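*Asks:* First the structure, then my questions, so here it is.
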Amino acid sequence: MIEYFMLLSIALFAIGISGIAVSRHFLIMVFSIEIMIIASSLFALSVFSGFLYYGNIVLLLVFFWSIAAVDIIAAMVFYRYLVRTKMSLDVTKLSEYKD
């Protein structure tokens with residue numbers, strides 16, 4: 001059963017990497033990073049489930065999910081800034097907006 005979770009987490013991580021590699025849109029890249037964080041927490045849960053107590057696993061998951069939440073909050077703030085200043089959401093064009 002644990003092997004299936006490991007395979008699922010590796011597949012999710014590969015989907016996240018391909019989302020970053022293929023797309024240059026800001027929101028798709030943020031969602032891809034979010035998928036990679038969730039995949040890493042699932043992998044850590046499946047690897048450490050036999051070694052850690054239940055409380056330690058919950059702390060590990062809360063740590064990963066708090067990092068993911070901070071990532072989403074920072075992305076929303078940056079997205080709002082880009083929309084207000086009418087900048088493009090294509091990350092390859094962000095270097096043109098240097099002050």
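How things are named: the first chain in the structure tokens is A, the next is B, and so on; residues count from 1 in each chain; ligands count from 1 in the order shown.
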I want to know what sits within 10 Å of region 29-39 of chain A, based on only C-alpha atoms, with residues of the same chain fewer than 2 positions away left out; could you give that as a compact mmCIF listing (two decimals) with C-alpha atoms, in the first residue's frame?

*Replies:*
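This went into out04.txt:
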# COMPACT_ATOMS: atom_id res chain seq x y z
CA PHE A 5 1.47 6.30 -2.32
CA MET A 6 5.12 6.63 -3.30
CA LEU A 7 4.30 6.06 -6.96
CA LEU A 8 1.43 8.53 -6.74
CA SER A 9 3.66 11.16 -5.16
CA ILE A 10 6.35 10.65 -7.81
CA ALA A 11 3.73 10.98 -10.54
CA LEU A 12 2.34 14.17 -8.96
CA PHE A 13 5.84 15.61 -8.66
CA ALA A 14 6.49 14.84 -12.33
CA ILE A 15 3.24 16.58 -13.27
CA GLY A 16 4.35 19.63 -11.27
CA ILE A 17 7.75 19.73 -12.94
CA SER A 18 6.19 19.40 -16.37
CA GLY A 19 3.77 22.22 -15.56
CA ILE A 20 6.65 24.52 -14.75
CA ALA A 21 8.71 23.42 -17.76
CA VAL A 22 5.91 23.71 -20.31
CA SER A 23 4.01 26.81 -19.24
CA ARG A 24 5.26 30.31 -18.64
CA HIS A 25 2.00 31.64 -17.23
CA PHE A 26 2.34 32.80 -13.64
CA LEU A 27 -0.71 31.07 -12.19
CA SER A 41 4.34 15.82 1.68
CA LEU A 42 2.64 12.66 0.44
CA PHE A 43 6.04 11.08 -0.22
CA ALA A 44 7.30 12.07 3.22
CA LEU A 45 4.15 10.68 4.79
CA LEU A 61 2.04 17.46 7.36
CA PHE A 64 4.32 21.14 4.60
CA TRP A 65 0.80 22.55 4.39
CA ILE A 67 4.59 26.23 3.51
CA ALA A 68 2.03 25.63 0.76
CA ALA A 69 -0.35 28.16 2.31
CA ASP A 71 3.21 30.08 -1.13
CA ILE A 72 -0.39 30.65 -2.21
CA ALA A 74 2.50 35.25 -1.71
CA ALA A 75 1.31 34.27 -5.18
CA MET A 76 -2.04 35.99 -4.65
CA VAL A 91 7.00 35.28 -16.61

*Asks:* Between CA of Phe48 (chain A) and CA of Glu3 (chain A), what is the distance in Å, rounded to a tenth?

*Replies:*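 Distance reported for this atom pair: 12.4 Å.
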
*Asks:* Between A:Leu60, A:Val83, A:Ile28, A:Ile73, which residue has the minimum interatomic distance to Ser46 (chain A), considering only C-alpha atoms?

*Replies:* A:Leu60

*Asks:* What gap, in Å, lies between CA of Ser49 (chain A) and CA of Tyr4 (chain A)?

*Replies:*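 If I compute the distance from CA of Ser49 (chain A) to CA of Tyr4 (chain A), I get 13.5 Å.
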
*Asks:* May I ask for the distance between CA of Thr85 (chain A) and CA of Val70 (chain A), given in Å to one decimal place?

*Replies:* 22.8 Å
